[in-house]
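Source file: entry-v6.csv. Holds: CSV, C-alpha atoms.
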chain,number,residue,atom,x,y,z
F,12,MET,CA,154.9,-8.9,-33.3
F,13,HIS,CA,155.5,-8.6,-37.0
F,14,SER,CA,152.8,-9.5,-39.4
F,15,ASN,CA,153.0,-12.8,-41.2
F,16,ALA,CA,151.2,-11.5,-44.2
F,17,SER,CA,152.8,-9.8,-47.1
F,18,SER,CA,152.7,-6.0,-47.2
F,19,VAL,CA,149.1,-4.8,-47.8
F,20,LYS,CA,148.2,-2.2,-50.3
F,21,PRO,CA,144.8,-0.6,-50.1
F,22,ALA,CA,143.7,-1.0,-53.7
F,23,GLN,CA,143.7,-4.3,-55.6
F,24,PRO,CA,142.1,-5.3,-58.9
F,25,LEU,CA,139.0,-7.5,-58.8
F,26,LEU,CA,141.1,-10.4,-60.2
F,27,ALA,CA,143.3,-10.2,-57.2
F,28,GLU,CA,140.3,-10.3,-54.9
F,29,SER,CA,138.9,-13.3,-56.7
F,30,CYS,CA,142.2,-15.2,-56.5
F,31,GLY,CA,142.5,-14.4,-52.8
F,32,ALA,CA,138.9,-15.4,-52.2
F,33,PHE,CA,139.7,-19.0,-53.2
F,34,ALA,CA,143.2,-19.3,-51.8
F,35,ASP,CA,142.0,-21.3,-48.8
F,36,LEU,CA,140.6,-24.2,-50.8
F,37,GLY,CA,143.3,-26.5,-49.4
F,38,THR,CA,141.6,-26.4,-46.0
F,39,PHE,CA,138.0,-26.1,-47.4
F,40,LEU,CA,137.6,-28.6,-50.2
F,41,PRO,CA,139.1,-31.8,-48.8
F,42,LEU,CA,136.9,-31.8,-45.7
F,43,VAL,CA,133.8,-30.6,-47.4
F,44,LEU,CA,134.1,-33.1,-50.3
F,45,GLY,CA,134.9,-35.8,-47.8
F,46,LEU,CA,131.7,-35.2,-45.9
F,47,ILE,CA,129.7,-35.3,-49.2
F,48,ALA,CA,131.4,-38.2,-50.9
F,49,LEU,CA,132.1,-40.5,-47.8
F,50,ASN,CA,129.3,-39.5,-45.4
F,51,GLN,CA,126.6,-38.7,-47.9
F,52,PHE,CA,125.9,-35.3,-46.4
F,53,ASN,CA,123.6,-33.0,-48.4
F,54,ALA,CA,126.0,-30.9,-50.5
F,55,PRO,CA,123.6,-27.9,-51.1
F,56,GLY,CA,123.1,-27.6,-47.4
F,57,ILE,CA,126.8,-27.4,-46.7
F,58,PHE,CA,127.5,-24.8,-49.5
F,59,LEU,CA,124.4,-22.8,-48.5
F,60,GLY,CA,125.8,-22.5,-44.9
F,61,PHE,CA,129.3,-21.4,-46.1
F,62,GLY,CA,127.8,-18.9,-48.5
F,63,LEU,CA,125.7,-17.2,-45.9
F,64,PHE,CA,128.5,-17.3,-43.4
F,65,ALA,CA,130.9,-15.7,-45.9
F,66,LEU,CA,128.4,-12.9,-46.7
F,67,LEU,CA,127.9,-12.3,-43.0
F,68,SER,CA,131.7,-12.0,-42.6
F,69,ALA,CA,131.9,-9.6,-45.5
F,70,ALA,CA,129.2,-7.4,-43.9
F,71,VAL,CA,130.7,-7.4,-40.4
F,72,TYR,CA,134.4,-7.1,-41.1
F,73,GLY,CA,134.7,-5.5,-44.6
F,74,ARG,CA,137.9,-7.4,-45.0
F,75,PRO,CA,139.0,-10.9,-46.2
F,76,VAL,CA,138.1,-13.1,-43.2
F,77,ALA,CA,138.2,-16.8,-44.0
F,78,THR,CA,135.3,-19.2,-43.4
F,79,GLN,CA,136.4,-22.8,-42.9
F,80,PRO,CA,135.1,-26.1,-41.6
F,81,MET,CA,136.0,-26.9,-38.0
F,82,LYS,CA,138.8,-29.3,-38.8
F,83,VAL,CA,138.7,-31.6,-35.7
F,84,ILE,CA,134.9,-32.1,-35.9
F,85,ALA,CA,134.9,-32.6,-39.7
F,86,ALA,CA,137.9,-35.0,-39.6
F,87,LEU,CA,136.3,-37.1,-36.8
F,88,VAL,CA,132.9,-37.2,-38.5
F,89,ILE,CA,134.5,-38.5,-41.7
F,90,SER,CA,136.8,-41.0,-40.1
F,91,LEU,CA,134.3,-42.4,-37.7
F,92,GLU,CA,131.4,-42.3,-40.2
F,93,LEU,CA,129.2,-40.3,-37.9
F,94,THR,CA,125.7,-39.0,-38.7
F,95,PRO,CA,124.5,-35.6,-39.8
F,96,GLY,CA,122.8,-35.4,-36.4
F,97,MET,CA,126.1,-35.6,-34.7
F,98,MET,CA,127.5,-32.8,-36.9
F,99,GLN,CA,124.4,-30.7,-36.1
F,100,ALA,CA,124.7,-31.2,-32.4
F,101,SER,CA,128.4,-30.4,-32.3
F,102,ALA,CA,127.9,-27.3,-34.5
F,103,MET,CA,125.1,-26.0,-32.3
F,104,MET,CA,127.0,-26.6,-29.1
F,105,MET,CA,130.0,-24.8,-30.4
F,106,GLY,CA,127.8,-21.9,-31.4
F,107,MET,CA,126.3,-21.7,-28.0
F,108,ILE,CA,129.7,-21.9,-26.2
F,109,LEU,CA,131.2,-19.2,-28.5
F,110,LEU,CA,128.3,-16.8,-27.9
F,111,LEU,CA,128.5,-17.5,-24.1
F,112,LEU,CA,132.2,-16.7,-24.1
F,113,ALA,CA,131.7,-13.6,-26.2
F,114,PHE,CA,129.0,-12.0,-24.2
F,115,SER,CA,130.2,-13.0,-20.8
F,116,GLY,CA,133.5,-11.2,-21.5
F,117,ALA,CA,135.5,-14.4,-21.0
F,118,ILE,CA,136.9,-14.5,-24.5
F,119,GLY,CA,138.2,-10.9,-24.1
F,120,TRP,CA,139.9,-11.8,-20.8
F,121,LEU,CA,141.5,-14.8,-22.3
F,122,ALA,CA,142.9,-12.8,-25.3
F,123,LYS,CA,144.4,-10.3,-22.9
F,124,GLN,CA,146.5,-13.1,-21.3
F,125,LEU,CA,148.2,-13.7,-24.6
F,126,SER,CA,151.5,-12.0,-25.1
F,127,GLN,CA,153.0,-11.6,-28.6
F,128,ALA,CA,155.3,-14.5,-27.9
F,129,VAL,CA,152.4,-16.9,-26.9
F,130,SER,CA,150.4,-15.8,-30.0
F,131,VAL,CA,153.4,-16.4,-32.3
F,132,GLY,CA,153.9,-19.8,-30.7
F,133,ILE,CA,150.3,-20.9,-31.3
F,134,GLN,CA,150.5,-19.7,-34.9
F,135,LEU,CA,153.8,-21.5,-35.4
F,136,ALA,CA,152.2,-24.8,-34.1
F,137,ILE,CA,149.1,-24.4,-36.2
F,138,GLY,CA,151.2,-23.5,-39.3
F,139,LEU,CA,153.4,-26.6,-38.9
F,140,GLN,CA,150.3,-28.8,-38.5
F,141,LEU,CA,148.9,-27.3,-41.8
F,142,LEU,CA,152.3,-27.9,-43.5
F,143,TRP,CA,152.3,-31.5,-42.3
F,144,LEU,CA,148.7,-32.1,-43.5
F,145,GLY,CA,149.5,-30.4,-46.8
F,146,PHE,CA,152.5,-32.5,-47.5
F,147,GLY,CA,150.5,-35.6,-46.6
F,148,MET,CA,148.0,-34.7,-49.2
F,149,MET,CA,150.7,-34.1,-51.7
F,150,ASN,CA,152.0,-37.6,-51.3
F,151,GLU,CA,149.1,-38.9,-53.4
F,152,THR,CA,151.0,-37.4,-56.5
F,153,LEU,CA,154.2,-36.2,-55.0
F,154,TRP,CA,155.8,-34.6,-58.1
F,155,LEU,CA,152.6,-32.7,-58.8
F,156,GLY,CA,152.2,-31.5,-55.3
F,157,LEU,CA,155.9,-30.4,-54.9
F,158,THR,CA,155.8,-28.6,-58.3
F,159,ALA,CA,152.6,-26.7,-57.3
F,160,PHE,CA,154.1,-25.9,-53.9
F,161,ALA,CA,157.3,-24.6,-55.4
F,162,LEU,CA,155.3,-22.4,-57.9
F,163,LEU,CA,153.1,-21.0,-55.1
F,164,PHE,CA,156.2,-20.3,-52.9
F,165,ALA,CA,158.0,-18.6,-55.7
F,166,SER,CA,155.0,-16.4,-56.6
F,167,ARG,CA,155.7,-14.1,-53.6
F,168,TRP,CA,158.6,-12.6,-55.7
F,169,LEU,CA,156.5,-12.1,-58.8
F,170,PRO,CA,154.7,-8.9,-59.7
F,171,MET,CA,151.3,-10.4,-59.8
F,172,THR,CA,151.3,-13.0,-57.1
F,173,TYR,CA,147.6,-13.6,-57.2
F,174,LEU,CA,147.7,-15.1,-60.7
F,175,MET,CA,149.7,-18.1,-59.6
F,176,MET,CA,147.0,-19.8,-57.5
F,177,PRO,CA,144.4,-20.0,-60.2
F,178,GLY,CA,147.1,-21.0,-62.7
F,179,VAL,CA,148.2,-23.9,-60.5
F,180,LEU,CA,144.6,-25.0,-60.0
F,181,ALA,CA,143.9,-25.0,-63.7
F,182,LEU,CA,147.1,-26.9,-64.6
F,183,GLY,CA,146.3,-29.5,-61.9
F,184,MET,CA,142.8,-30.0,-63.3
F,185,VAL,CA,144.1,-30.3,-66.9
F,186,TRP,CA,146.6,-33.0,-65.7
F,187,GLN,CA,143.9,-34.8,-63.8
F,188,HIS,CA,141.5,-34.8,-66.8
F,189,PHE,CA,144.1,-36.4,-69.1
F,190,ALA,CA,145.3,-38.8,-66.4
F,191,GLY,CA,141.7,-39.9,-65.8
F,192,THR,CA,142.1,-39.9,-62.0
F,193,GLY,CA,139.3,-37.5,-61.0
F,194,SER,CA,137.3,-38.5,-57.9
F,195,THR,CA,133.6,-39.3,-58.0
F,196,ILE,CA,131.4,-37.1,-55.8
F,197,ASN,CA,127.8,-37.8,-54.9
F,198,ALA,CA,125.7,-35.4,-57.0
F,199,ALA,CA,122.4,-36.2,-55.4
F,200,GLY,CA,120.4,-33.7,-53.4
F,201,SER,CA,119.3,-30.1,-54.0
F,202,LEU,CA,118.2,-27.1,-52.0
F,203,MET,CA,114.6,-28.4,-52.3
F,204,ASP,CA,115.6,-31.4,-50.2
F,205,LEU,CA,116.7,-29.3,-47.2
F,206,GLN,CA,114.6,-29.8,-44.1
F,207,PHE,CA,114.9,-28.4,-40.5
F,208,GLY,CA,116.8,-31.1,-38.5
F,209,TRP,CA,117.3,-31.6,-34.8
F,210,PRO,CA,119.7,-34.0,-33.1
F,211,SER,CA,118.5,-36.8,-30.9
F,212,ASN,CA,119.3,-36.9,-27.1
F,213,ASP,CA,122.0,-39.6,-27.8
F,214,GLU,CA,123.6,-37.4,-30.5
F,215,TRP,CA,123.8,-34.4,-28.2
F,216,LEU,CA,125.5,-36.4,-25.5
F,217,SER,CA,127.9,-38.2,-27.8
F,218,ALA,CA,128.8,-35.1,-29.7
F,219,ALA,CA,129.7,-33.2,-26.5
F,220,GLY,CA,132.5,-35.6,-25.5
F,221,LEU,CA,133.6,-36.9,-28.9
F,222,LEU,CA,133.6,-33.8,-31.0
F,223,VAL,CA,133.1,-30.5,-29.1
F,224,LEU,CA,135.8,-30.9,-26.4
F,225,PRO,CA,138.6,-31.7,-28.8
F,226,GLN,CA,137.6,-28.9,-31.1
F,227,LEU,CA,137.1,-26.2,-28.5
F,228,ALA,CA,140.7,-25.4,-27.8
F,229,LEU,CA,141.6,-25.2,-31.5
F,230,THR,CA,138.7,-22.9,-32.2
F,231,LEU,CA,139.5,-20.5,-29.4
F,232,THR,CA,143.2,-20.3,-30.2
F,233,ASN,CA,143.2,-20.4,-34.0
F,234,ALA,CA,139.7,-19.2,-35.1
F,235,VAL,CA,139.2,-16.5,-32.5
F,236,ILE,CA,142.3,-15.3,-30.8
F,237,ALA,CA,145.0,-15.9,-33.5
F,238,ALA,CA,142.6,-14.7,-36.2
F,239,SER,CA,142.0,-11.5,-34.2
F,240,VAL,CA,145.8,-10.9,-34.0
F,241,ILE,CA,146.3,-11.6,-37.7
F,242,GLY,CA,143.4,-9.2,-38.6
F,243,LYS,CA,144.7,-6.4,-36.4
F,244,GLU,CA,148.3,-6.7,-37.8
F,245,THR,CA,147.3,-7.0,-41.4
F,246,PHE,CA,144.7,-4.2,-41.4
F,247,PRO,CA,145.7,-1.9,-38.5
F,248,GLU,CA,143.4,0.8,-39.7
F,249,ASP,CA,140.5,-1.5,-39.0
F,250,ALA,CA,141.8,-3.0,-35.8
F,251,ASN,CA,138.7,-2.3,-33.8
F,252,LYS,CA,136.7,-4.7,-36.2
F,253,PHE,CA,138.9,-7.7,-35.3
F,254,SER,CA,138.2,-8.1,-31.6
F,255,PRO,CA,138.1,-11.7,-30.3
F,256,LYS,CA,134.5,-11.0,-29.1
F,257,ARG,CA,133.4,-10.3,-32.7
F,258,PHE,CA,135.1,-13.4,-34.1
F,259,ALA,CA,133.4,-15.5,-31.4
F,260,THR,CA,130.1,-13.9,-32.1
F,261,THR,CA,130.0,-14.3,-35.9
F,262,SER,CA,131.2,-17.9,-35.6
F,263,GLY,CA,128.7,-18.6,-32.9
F,264,LEU,CA,125.7,-17.2,-34.7
F,265,ALA,CA,126.6,-19.0,-38.0
F,266,ASN,CA,126.8,-22.4,-36.3
F,267,LEU,CA,123.8,-22.0,-34.1
F,268,LEU,CA,121.5,-20.7,-36.9
F,269,LEU,CA,122.7,-22.6,-40.0
F,270,SER,CA,123.5,-26.1,-38.8
F,271,PRO,CA,119.8,-27.1,-38.4
F,272,PHE,CA,119.4,-26.5,-42.1
F,273,GLY,CA,122.3,-28.6,-43.3
F,274,GLY,CA,125.3,-26.4,-42.5
F,275,ILE,CA,128.3,-28.0,-40.9
F,276,ALA,CA,130.5,-26.8,-38.0
F,277,MET,CA,132.2,-23.7,-39.3
F,278,CYS,CA,134.7,-21.1,-38.0
F,279,HIS,CA,137.2,-18.4,-39.1
F,280,GLY,CA,140.9,-19.2,-39.3
F,281,ALA,CA,144.2,-17.4,-38.9
F,282,GLY,CA,145.8,-19.5,-41.7
F,283,GLY,CA,143.0,-18.8,-44.1
F,284,MET,CA,143.2,-15.1,-43.5
F,285,THR,CA,146.9,-15.1,-44.0
F,286,VAL,CA,146.9,-17.0,-47.3
F,287,GLN,CA,144.0,-15.0,-48.7
F,288,THR,CA,145.8,-11.7,-48.2
F,289,HIS,CA,149.0,-13.3,-49.6
F,290,PHE,CA,147.2,-14.1,-52.8
F,291,GLY,CA,145.6,-10.7,-53.3
F,292,ALA,CA,142.4,-10.3,-51.1
F,293,ARG,CA,142.1,-7.0,-49.4
F,294,THR,CA,138.5,-6.0,-49.1
F,295,TRP,CA,134.9,-7.2,-48.5
F,296,ARG,CA,134.8,-8.3,-52.1
F,297,ALA,CA,136.8,-11.5,-51.4
F,298,PRO,CA,134.3,-13.0,-49.0
F,299,VAL,CA,131.4,-11.8,-51.2
F,300,ILE,CA,133.0,-13.6,-54.2
F,301,PHE,CA,133.5,-16.8,-52.1
F,302,GLY,CA,130.1,-16.7,-50.5
F,303,SER,CA,128.3,-16.0,-53.8
F,304,SER,CA,130.2,-18.9,-55.4
F,305,CYS,CA,129.1,-21.2,-52.6
F,306,LEU,CA,125.5,-20.1,-52.9
F,307,ALA,CA,125.6,-20.7,-56.7
F,308,ILE,CA,127.0,-24.2,-56.1
F,309,ALA,CA,124.2,-24.8,-53.6
F,310,LEU,CA,121.6,-23.7,-56.1
F,311,PHE,CA,123.0,-25.5,-59.2
F,312,TRP,CA,124.5,-28.5,-57.5
F,313,GLY,CA,124.5,-31.5,-59.9
F,314,SER,CA,126.7,-33.7,-62.0
F,315,ASP,CA,128.5,-30.9,-63.7
F,316,VAL,CA,129.4,-29.0,-60.6
F,317,SER,CA,130.4,-32.2,-58.7
F,318,TYR,CA,132.5,-33.3,-61.6
F,319,TRP,CA,134.6,-30.1,-61.8
F,320,LEU,CA,135.2,-30.1,-58.0
F,321,GLY,CA,136.3,-33.7,-58.2
F,322,MET,CA,138.8,-32.8,-60.9
F,323,ILE,CA,141.0,-30.7,-58.6
F,324,PRO,CA,143.9,-33.0,-57.6
F,325,MET,CA,144.4,-33.7,-53.9
F,326,ALA,CA,148.1,-33.0,-54.4
F,327,VAL,CA,147.3,-29.4,-55.6
F,328,LEU,CA,144.9,-28.9,-52.6
F,329,GLY,CA,147.7,-30.1,-50.4
F,330,SER,CA,150.1,-27.5,-51.9
F,331,LEU,CA,147.6,-24.7,-51.1
F,332,LEU,CA,147.2,-26.0,-47.5
F,333,ALA,CA,151.0,-26.2,-47.1
F,334,THR,CA,151.4,-22.7,-48.4
F,335,ALA,CA,148.9,-21.5,-45.8
F,336,GLY,CA,150.8,-23.3,-43.1
F,337,LEU,CA,154.1,-21.8,-44.2
F,338,GLN,CA,152.7,-18.3,-44.2
F,339,LEU,CA,151.1,-18.7,-40.8
F,340,ALA,CA,154.2,-20.4,-39.2
F,341,TRP,CA,156.7,-17.8,-40.2
F,342,SER,CA,157.3,-14.7,-38.0
F,343,LYS,CA,160.3,-12.4,-37.8
F,344,ARG,CA,160.1,-12.9,-34.0
F,345,LEU,CA,161.7,-16.3,-34.5
F,346,VAL,CA,164.9,-14.7,-35.5
F,347,ASP,CA,164.9,-11.2,-34.0
F,348,GLY,CA,163.1,-11.8,-30.7
F,349,LYS,CA,164.8,-11.7,-27.4
F,350,PRO,CA,166.1,-15.1,-26.1
F,351,TYR,CA,163.3,-15.5,-23.5
F,352,CYS,CA,160.7,-14.5,-26.1
F,353,ILE,CA,162.0,-17.1,-28.5
F,354,PHE,CA,161.9,-19.6,-25.6
F,355,VAL,CA,158.3,-18.9,-24.9
F,356,ILE,CA,157.4,-19.2,-28.6
F,357,LEU,CA,159.1,-22.6,-28.9
F,358,ALA,CA,157.8,-23.9,-25.6
F,359,THR,CA,154.2,-22.9,-26.6
F,360,ALA,CA,154.5,-24.4,-30.0
F,361,VAL,CA,156.1,-27.7,-28.9
F,362,THR,CA,153.4,-28.2,-26.2
F,363,CYS,CA,150.7,-27.5,-28.8
F,364,LEU,CA,152.1,-30.1,-31.1
F,365,ALA,CA,152.9,-32.7,-28.4
F,366,ILE,CA,149.6,-32.4,-26.4
F,367,ASN,CA,147.0,-29.9,-27.8
F,368,ALA,CA,146.4,-26.2,-28.3
F,369,ALA,CA,144.8,-25.8,-24.8
F,370,ALA,CA,148.0,-27.2,-23.1
F,371,GLY,CA,150.2,-25.0,-25.3
F,372,LEU,CA,148.1,-21.9,-24.4
F,373,ALA,CA,148.4,-22.7,-20.7
F,374,VAL,CA,152.1,-23.3,-20.8
F,375,GLY,CA,152.7,-20.0,-22.7
F,376,ILE,CA,150.6,-18.0,-20.3
F,377,LEU,CA,152.3,-19.5,-17.3
F,378,LEU,CA,155.8,-18.7,-18.7
F,379,GLU,CA,154.8,-15.1,-19.4
F,380,HIS,CA,153.2,-14.8,-16.0
F,381,GLY,CA,156.4,-16.1,-14.4
F,382,ARG,CA,158.4,-13.5,-16.3
F,383,ARG,CA,156.1,-10.7,-15.0
F,384,LEU,CA,156.4,-12.0,-11.4
F,385,GLY,CA,160.2,-12.1,-11.8
F,386,ARG,CA,160.3,-8.5,-12.8
F,387,GLN,CA,158.2,-7.5,-9.7
F,388,VAL,CA,160.5,-9.3,-7.2
F,389,PRO,CA,163.0,-6.8,-5.8
F,390,ALA,CA,166.7,-7.8,-6.1
F,391,SER,CA,168.2,-9.1,-2.9
F,392,LYS,CA,170.7,-6.8,-1.2
Kindly present the structure from the file in structure tokens form.
Amino acid sequence: MHSNASSVKPAQPLLAESCGAFADLGTFLPLVLGLIALNQFNAPGIFLGFGLFALLSAAVYGRPVATQPMKVIAALVISLELTPGMMQASAMMMGMILLLLAFSGAIGWLAKQLSQAVSVGIQLAIGLQLLWLGFGMMNETLWLGLTAFALLFASRWLPMTYLMMPGVLALGMVWQHFAGTGSTINAAGSLMDLQFGWPSNDEWLSAAGLLVLPQLALTLTNAVIAASVIGKETFPEDANKFSPKRFATTSGLANLLLSPFGGIAMCHGAGGMTVQTHFGARTWRAPVIFGSSCLAIALFWGSDVSYWLGMIPMAVLGSLLATAGLQLAWSKRLVDGKPYCIFVILATAVTCLAINAAAGLAVGILLEHGRRLGRQVPASK
């Protein structure tokens, strides 16, 4: 399978690493700020969790590995106005499940069942979903979102691609400042307010069915298996670092250990890794820059920090999310693959979109298994 990322060069200036470090804000900020502004979650606790998770990722992988909120859990917590205890319970359960799958060997077995076609199909579906969400966010100020998306898309043909992303963010913030449409984010809370929390029995039970089960399939496919494929393709010289077991382990530990102190459900992500490398990230410096920034926000959270985060237009964040989706969805296999390979890709993607990621994974594996069985059946005389 051909890599979805742009060609990777071993050396990049620090500015490129910095730009790549924040290229995944389209996934990160809307969910994080939603939890803070709408659900009154403790902002320093959330940023502390992401900061430590990013630094752990830098130490373990030595490459730009994205750290994101678990999308299904975060979206449901926001839309259903659920409690921090529900978030804690779901994050801790996801952590325990991921560690169990990692050390039992189950995640390695599952990854081996994925052919290249199935993996591309899952990436196609997730990329299209990110595109759809991104364009939905751009609808808030359509002309601004489309302009930002066009500039980001065109940047791939420019000599310094990584400069476009911070430029688009800066222009969006300037426009929002003069338009007077910045959002208000709760600036209350500090690191001194953090306390060890533990969910109630009711929150454990409710989180299991309402949050964990819908999230699990997406995490296994996108944040573990697809992220492993992207890492190995983008950095083949470090392929041994990007095993599914390692992705499940780092995500599992982060959720299990950090959620009791205010962290939310977190994971890695194939789309985030793709867009970060597209905009210049190549080394451990990118997650260190992102993680250190999160720790600084946690430490100095207040009216100034919350004001500037609220000045980033939703339409611009949508353009970043749509760019990540486009990068993830595209693969040369879609045009140069064999007919049956393309059929498996499309069948997997359509099932993911129509039902869920778990169903798409099952359909893709069954189709590939059927093809292997067909090759083993001797031709009739």
May I have the residues at most 7 Å from (151.7, -23.5, -25.9) in the file's coordinates, counting all atoms listed in the file, as a PDB file with C-alpha atoms, keeping the file's coordinate frame?
ATOM      1  CA  VAL F 129     152.400 -16.900 -26.900  1.00  0.00           C
ATOM      2  CA  GLY F 132     153.900 -19.800 -30.700  1.00  0.00           C
ATOM      3  CA  ILE F 133     150.300 -20.900 -31.300  1.00  0.00           C
ATOM      4  CA  ALA F 358     157.800 -23.900 -25.600  1.00  0.00           C
ATOM      5  CA  THR F 359     154.200 -22.900 -26.600  1.00  0.00           C
ATOM      6  CA  ALA F 360     154.500 -24.400 -30.000  1.00  0.00           C
ATOM      7  CA  VAL F 361     156.100 -27.700 -28.900  1.00  0.00           C
ATOM      8  CA  THR F 362     153.400 -28.200 -26.200  1.00  0.00           C
ATOM      9  CA  CYS F 363     150.700 -27.500 -28.800  1.00  0.00           C
ATOM     10  CA  ALA F 368     146.400 -26.200 -28.300  1.00  0.00           C
ATOM     11  CA  ALA F 370     148.000 -27.200 -23.100  1.00  0.00           C
ATOM     12  CA  GLY F 371     150.200 -25.000 -25.300  1.00  0.00           C
ATOM     13  CA  LEU F 372     148.100 -21.900 -24.400  1.00  0.00           C
ATOM     14  CA  ALA F 373     148.400 -22.700 -20.700  1.00  0.00           C
ATOM     15  CA  VAL F 374     152.100 -23.300 -20.800  1.00  0.00           C
ATOM     16  CA  GLY F 375     152.700 -20.000 -22.700  1.00  0.00           C
TER      17      GLY F 375
END
Using atom CA of F:Leu174 and atom CA of F:Leu339 as the two end points, give the distance in Å to one decimal.
->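 Result for atom CA of F:Leu174 versus atom CA of F:Leu339: 20.5 Å, one decimal.
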With distances taken over all atoms listed in the file, which of F:Phe39, F:Phe189, F:Trp215, F:Phe58 is nearest to F:Ile308?
->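 When distances to F:Ile308 are compared using all atoms listed in the file, the smallest one comes from F:Phe58.
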For the interface of stretch 21-58 of chain F with stretch 266-279 of chain F (cut-off 10 Å, counting all atoms listed in the file), please tabulate each contacting residue of stretch 21-58 of chain F alongside its nearest pair of atoms and their separation in Å to one decimal, rows sorted by chain and increasing number, as CSV.
residue,atom,partner,partner_atom,distance
F:Val43,CA,F:Ile275,CA,8.9
F:Leu46,CA,F:Ile275,CA,9.4
F:Phe52,CA,F:Gly273,CA,8.2
F:Asn53,CA,F:Gly273,CA,6.9
F:Ala54,CA,F:Gly273,CA,8.4
F:Pro55,CA,F:Gly273,CA,7.9
F:Gly56,CA,F:Gly273,CA,4.3
F:Ile57,CA,F:Gly274,CA,4.6
F:Phe58,CA,F:Gly274,CA,7.5
Out of F:Val355, F:Ala34, F:Leu231, F:Ala237, which residue has the shortest atom-to-atom distance to F:His380 when counting only C-alpha atoms?
->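 Among F:Val355, F:Ala34, F:Leu231, F:Ala237, it is F:Val355 that comes nearest to F:His380.
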Polymer residues at most 7 Å from stretch 151-164 of chain F, only C-alpha atoms, same-chain spacing of 4 or more positions, as a ChimeraX atom specification | /F:175-176,179,326-327,329-330,334
Compare F:Ile84, F:Leu36, F:Leu111, F:Ala128 by their minimum atom-to-atom distance to F:Lys349, counting only C-alpha atoms, and give me the closest one.
->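 Counting only C-alpha atoms, the residue closest to F:Lys349 is F:Ala128.
For the choices F:Ser90, F:Gln206, F:Thr261, F:Gln51, the atom-to-atom distance to F:Phe114 is smallest for F:Thr261 when using only C-alpha atoms.
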Determine, counting all atoms listed in the file, every residue of protein, DNA or RNA that lies within 6 Å of (143.5, -32.2, -48.7) in the file coordinates, then give the result as a compact mmCIF listing (two decimals) with C-alpha atoms, in the coordinates of the input.
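Contents of out24.txt, as written:
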# COMPACT_ATOMS: atom_id res chain seq x y z
CA GLY F 37 143.30 -26.50 -49.40
CA PRO F 41 139.10 -31.80 -48.80
CA MET F 148 148.00 -34.70 -49.20
CA MET F 325 144.40 -33.70 -53.90
CA LEU F 328 144.90 -28.90 -52.60
CA GLY F 329 147.70 -30.10 -50.40
Shortest interatomic distance to F:Cys30 - which of F:Lys243, F:His188, F:Arg293, F:Arg382, counting all atoms listed in the file |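 Distance minimum relative to F:Cys30 lands on F:Arg293.
The nearest approach to F:Ile118 among the residues F:Thr245, F:Thr260, F:Gln99, F:Ser217, with all atoms listed in the file taken into account, belongs to F:Thr260.
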In Å to one decimal, how far is atom CA of F:Leu59 from atom CA of F:Ala27?
->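 That distance, rounded to one decimal, is 24.3 Å.
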Coordinates-based distance that separates atom CA of F:Phe33 from atom CA of F:Ala297 (Å, one decimal) | 8.2 Å
Which polymer residues have any atom within 9 Å of an atom of F:Phe311, counting all atoms listed in the file, with same-chain residues fewer than 5 positions away left out, as a PyMOL selection string?
-> chain F and resi 55+201-202+306+316
Please identify all polymer residues within 12 Å of F:Phe290, counting only C-alpha atoms, omitting same-chain residues fewer than 6 positions from it, and present them as a PyMOL selection string.
-> chain F and resi 16-19+23-24+26-35+75+163-164+166-177+283-284+297+331+334-335+338
